file model_39.cif (mmCIF, C-alpha atoms, pLDDT in the B column; chains and numbers go by the auth columns)
data_structure
#
loop_
_atom_site.group_PDB
_atom_site.id
_atom_site.type_symbol
_atom_site.label_atom_id
_atom_site.label_comp_id
_atom_site.label_asym_id
_atom_site.label_seq_id
_atom_site.Cartn_x
_atom_site.Cartn_y
_atom_site.Cartn_z
_atom_site.B_iso_or_equiv
_atom_site.auth_seq_id
_atom_site.auth_asym_id
ATOM 1 C CA MET A 1 148.503 59.076 48.909 44.00 1 G
ATOM 2 C CA ALA A 2 148.741 62.703 47.847 43.00 2 G
ATOM 3 C CA ASN A 3 145.819 64.552 46.288 39.00 3 G
ATOM 4 C CA ASP A 4 147.675 64.630 42.968 43.00 4 G
ATOM 5 C CA GLU A 5 147.797 60.834 42.947 44.00 5 G
ATOM 6 C CA PHE A 6 144.041 60.633 43.575 37.00 6 G
ATOM 7 C CA LEU A 7 143.428 63.044 40.693 39.00 7 G
ATOM 8 C CA GLU A 8 145.651 60.950 38.416 46.00 8 G
ATOM 9 C CA GLU A 9 143.732 57.789 39.363 52.00 9 G
ATOM 10 C CA ASP A 10 140.416 59.537 38.668 51.00 10 G
ATOM 11 C CA LEU A 11 141.645 60.730 35.275 56.00 11 G
ATOM 12 C CA ASP A 12 142.928 57.253 34.453 86.00 12 G
ATOM 13 C CA ASP A 13 139.577 55.746 35.453 89.00 13 G
ATOM 14 C CA GLU A 14 137.737 58.275 33.285 92.00 14 G
ATOM 15 C CA LYS A 15 139.927 57.431 30.289 93.00 15 G
ATOM 16 C CA THR A 16 139.508 53.713 30.931 94.00 16 G
ATOM 17 C CA ILE A 17 135.725 54.042 31.230 96.00 17 G
ATOM 18 C CA ALA A 18 135.587 56.090 28.010 96.00 18 G
ATOM 19 C CA PHE A 19 137.620 53.393 26.239 96.00 19 G
ATOM 20 C CA ILE A 20 135.406 50.592 27.571 96.00 20 G
ATOM 21 C CA THR A 21 132.238 52.473 26.605 96.00 21 G
ATOM 22 C CA ALA A 22 133.522 52.976 23.071 96.00 22 G
ATOM 23 C CA ALA A 23 134.338 49.260 22.815 96.00 23 G
ATOM 24 C CA LEU A 24 130.916 48.052 23.966 96.00 24 G
ATOM 25 C CA PRO A 25 128.201 47.160 21.467 96.00 25 G
ATOM 26 C CA GLN A 26 125.532 49.856 21.220 95.00 26 G
ATOM 27 C CA GLU A 27 122.897 47.789 23.066 93.00 27 G
ATOM 28 C CA LEU A 28 125.180 47.523 26.111 95.00 28 G
ATOM 29 C CA LYS A 29 126.183 51.180 26.286 92.00 29 G
ATOM 30 C CA GLU A 30 122.906 52.104 27.969 87.00 30 G
ATOM 31 C CA LYS A 31 122.915 49.123 30.329 92.00 31 G
ATOM 32 C CA TYR A 32 126.456 49.795 31.532 96.00 32 G
ATOM 33 C CA ASP A 33 126.396 53.466 32.457 95.00 33 G
ATOM 34 C CA HIS A 34 129.344 55.371 33.904 95.00 34 G
ATOM 35 C CA ASP A 35 128.591 54.470 37.531 95.00 35 G
ATOM 36 C CA THR A 36 128.176 50.777 36.746 96.00 36 G
ATOM 37 C CA LEU A 37 131.405 50.721 34.757 97.00 37 G
ATOM 38 C CA GLN A 38 133.200 52.534 37.599 96.00 38 G
ATOM 39 C CA TYR A 39 131.954 49.863 40.008 97.00 39 G
ATOM 40 C CA ILE A 40 133.077 47.040 37.693 97.00 40 G
ATOM 41 C CA LEU A 41 136.460 48.700 37.180 96.00 41 G
ATOM 42 C CA ASP A 42 136.913 48.982 40.951 95.00 42 G
ATOM 43 C CA VAL A 43 136.046 45.291 41.338 96.00 43 G
ATOM 44 C CA ILE A 44 138.525 44.345 38.598 95.00 44 G
ATOM 45 C CA TYR A 45 141.247 46.308 40.406 92.00 45 G
ATOM 46 C CA ASP A 46 140.208 44.671 43.684 93.00 46 G
ATOM 47 C CA TYR A 47 140.574 41.268 42.026 94.00 47 G
ATOM 48 C CA PHE A 48 144.097 42.118 40.895 89.00 48 G
ATOM 49 C CA GLU A 49 145.060 43.232 44.401 88.00 49 G
ATOM 50 C CA SER A 50 143.387 40.414 46.339 90.00 50 G
ATOM 51 C CA SER A 51 144.172 37.473 44.022 88.00 51 G
ATOM 52 C CA GLY A 52 147.930 37.900 44.038 83.00 52 G
ATOM 53 C CA VAL A 53 147.974 37.773 40.238 78.00 53 G
ATOM 54 C CA LEU A 54 150.141 40.895 40.126 72.00 54 G
ATOM 55 C CA ASP A 55 152.722 39.202 42.362 77.00 55 G
ATOM 56 C CA GLN A 56 153.443 36.588 39.685 73.00 56 G
ATOM 57 C CA GLU A 57 156.712 36.521 37.827 74.00 57 G
ATOM 58 C CA ALA A 58 156.423 37.763 34.255 69.00 58 G
ATOM 59 C CA ASP A 59 157.308 35.316 31.497 72.00 59 G
ATOM 60 C CA ALA A 60 160.230 35.793 29.110 71.00 60 G
ATOM 61 C CA ASP A 61 158.164 38.227 27.041 71.00 61 G
ATOM 62 C CA GLY A 62 157.254 40.295 30.115 68.00 62 G
ATOM 63 C CA PHE A 63 153.672 39.027 30.356 72.00 63 G
ATOM 64 C CA ILE A 64 151.732 37.845 33.385 74.00 64 G
ATOM 65 C CA ASP A 65 149.131 35.114 32.854 78.00 65 G
ATOM 66 C CA ILE A 66 145.749 36.610 33.752 84.00 66 G
ATOM 67 C CA ASP A 67 142.640 34.431 33.785 90.00 67 G
ATOM 68 C CA ASN A 68 139.857 36.621 32.367 93.00 68 G
ATOM 69 C CA ASP A 69 137.256 33.987 33.214 95.00 69 G
ATOM 70 C CA ALA A 70 138.258 34.205 36.894 95.00 70 G
ATOM 71 C CA ILE A 71 137.909 37.992 36.761 96.00 71 G
ATOM 72 C CA VAL A 72 134.462 37.674 35.173 97.00 72 G
ATOM 73 C CA GLU A 73 133.344 35.230 37.867 97.00 73 G
ATOM 74 C CA TYR A 74 134.680 37.552 40.571 97.00 74 G
ATOM 75 C CA VAL A 75 132.869 40.592 39.131 98.00 75 G
ATOM 76 C CA ILE A 76 129.578 38.688 38.853 98.00 76 G
ATOM 77 C CA LYS A 77 129.899 37.343 42.412 98.00 77 G
ATOM 78 C CA GLU A 78 130.780 40.744 43.895 97.00 78 G
ATOM 79 C CA ALA A 79 128.011 42.561 41.994 97.00 79 G
ATOM 80 C CA LYS A 80 125.439 40.111 43.366 97.00 80 G
ATOM 81 C CA ARG A 81 126.890 40.370 46.878 97.00 81 G
ATOM 82 C CA ASP A 82 126.879 44.173 46.745 97.00 82 G
ATOM 83 C CA LYS A 83 123.357 44.160 45.246 96.00 83 G
ATOM 84 C CA ILE A 84 124.553 46.086 42.185 94.00 84 G
ATOM 85 C CA GLY A 85 122.939 43.687 39.746 92.00 85 G
ATOM 86 C CA SER A 86 123.076 40.329 38.072 94.00 86 G
ATOM 87 C CA PHE A 87 125.270 40.494 35.014 97.00 87 G
ATOM 88 C CA PRO A 88 125.726 37.803 32.355 97.00 88 G
ATOM 89 C CA ALA A 89 129.264 36.522 31.837 98.00 89 G
ATOM 90 C CA ASP A 90 129.112 37.170 28.085 97.00 90 G
ATOM 91 C CA GLU A 91 128.659 40.895 28.772 97.00 91 G
ATOM 92 C CA ILE A 92 131.183 41.202 31.611 98.00 92 G
ATOM 93 C CA ILE A 93 133.877 39.510 29.523 97.00 93 G
ATOM 94 C CA LEU A 94 133.564 42.349 26.992 97.00 94 G
ATOM 95 C CA ILE A 95 134.253 44.874 29.753 97.00 95 G
ATOM 96 C CA VAL A 96 137.163 42.843 31.156 97.00 96 G
ATOM 97 C CA GLN A 97 138.692 42.484 27.690 96.00 97 G
ATOM 98 C CA ALA A 98 138.282 46.201 26.944 96.00 98 G
ATOM 99 C CA GLU A 99 139.918 47.119 30.270 94.00 99 G
ATOM 100 C CA ALA A 100 142.825 44.798 29.473 91.00 100 G
ATOM 101 C CA GLU A 101 143.157 46.239 25.978 92.00 101 G
ATOM 102 C CA TYR A 102 143.234 49.766 27.380 92.00 102 G
ATOM 103 C CA ALA A 103 145.798 48.799 30.029 87.00 103 G
ATOM 104 C CA ASP A 104 147.997 47.180 27.347 83.00 104 G
ATOM 105 C CA SER A 105 147.779 50.329 25.212 87.00 105 G
ATOM 106 C CA GLN A 106 149.146 52.400 28.090 82.00 106 G
ATOM 107 C CA GLN A 107 152.373 50.407 28.414 71.00 107 G
#
call {"tool": "encode", "arguments": {"input": "model_39.cif", "output": "structure tokens"}}
result
Amino acid sequence: MANDEFLEEDLDDEKTIAFITAALPQELKEKYDHDTLQYILDVIYDYFESSGVLDQEADADGFIDIDNDAIVEYVIKEAKRDKIGSFPADEIILIVQAEAEYADSQQ
């Protein structure tokens, strides 16, 4: 991958993180700092790549069925494994939903 592509990915991540931060309730904005959100975003992307969800055929409306609960479980499991922290599902779902909303807005 060329350096320009890495820079584009970094800029996209920064925009996504800013969007997620703005969507979070105030009490979670301090708990989920930039580095934590970057980690969670990386894990979400890892889920998409490793689960095969992106290899699915889109439906007639062009949508792919994505199980947000499975993503939440994956993020929680990976964060514990990587010793990043123990996160409640009701907080991670807000991040997953905000990431999805941002991704949809970019299409």
call {"tool": "atom_distance", "arguments": {"input": "model_39.cif", "atom1": "atom CA of G:Tyr45", "atom2": "atom CA of G:Glu99"}}
result
10.3 Å
call {"tool": "residues_around", "arguments": {"input": "model_39.cif", "residues": "G:Gly85", "least_positions_apart": "4", "cutoff": "12 Å", "atoms": "all atoms listed in the file", "output": "ChimeraX atom specification"}}
result
/G:31-32,36,39-40,75-81,92
call {"tool": "residues_near_point", "arguments": {"input": "model_39.cif", "point": "(140.4, 52.0, 25.2)", "cutoff": "6 Å", "atoms": "all atoms listed in the file", "output": "JSON, numbers by chain"}}
result
{"G": [19, 20, 102]}
call {"tool": "residues_near_point", "arguments": {"input": "model_39.cif", "point": "(141.9, 53.7, 31.7)", "cutoff": "12 Å", "atoms": "only C-alpha atoms", "output": "MDAnalysis selection string"}}
result
chainID G and resid 8:21 37:38 41:42 45 95:96 98:107
call {"tool": "atom_distance", "arguments": {"input": "model_39.cif", "atom1": "atom CA of G:Asp90", "atom2": "atom CA of G:Ile66"}}
result
17.6 Å
call {"tool": "atom_distance", "arguments": {"input": "model_39.cif", "atom1": "atom CA of G:Val72", "atom2": "atom CA of G:Val53"}}
result
14.4 Å
call {"tool": "axis_aligned_box", "arguments": {"input": "model_39.cif", "around": "stretch 83-88 of chain G", "padding_each_side": "4 Å", "output": "JSON"}}
result
{"center_x": 124.3, "center_y": 41.9, "center_z": 38.8, "size_x": 10.8, "size_y": 16.3, "size_z": 20.9}
call {"tool": "residues_around", "arguments": {"input": "model_39.cif", "residues": "G:Tyr74", "least_positions_apart": "6", "cutoff": "9 Å", "atoms": "all atoms listed in the file", "output": "list of chain:residue names"}}
result
G:Val43, G:Ile44, G:Tyr47
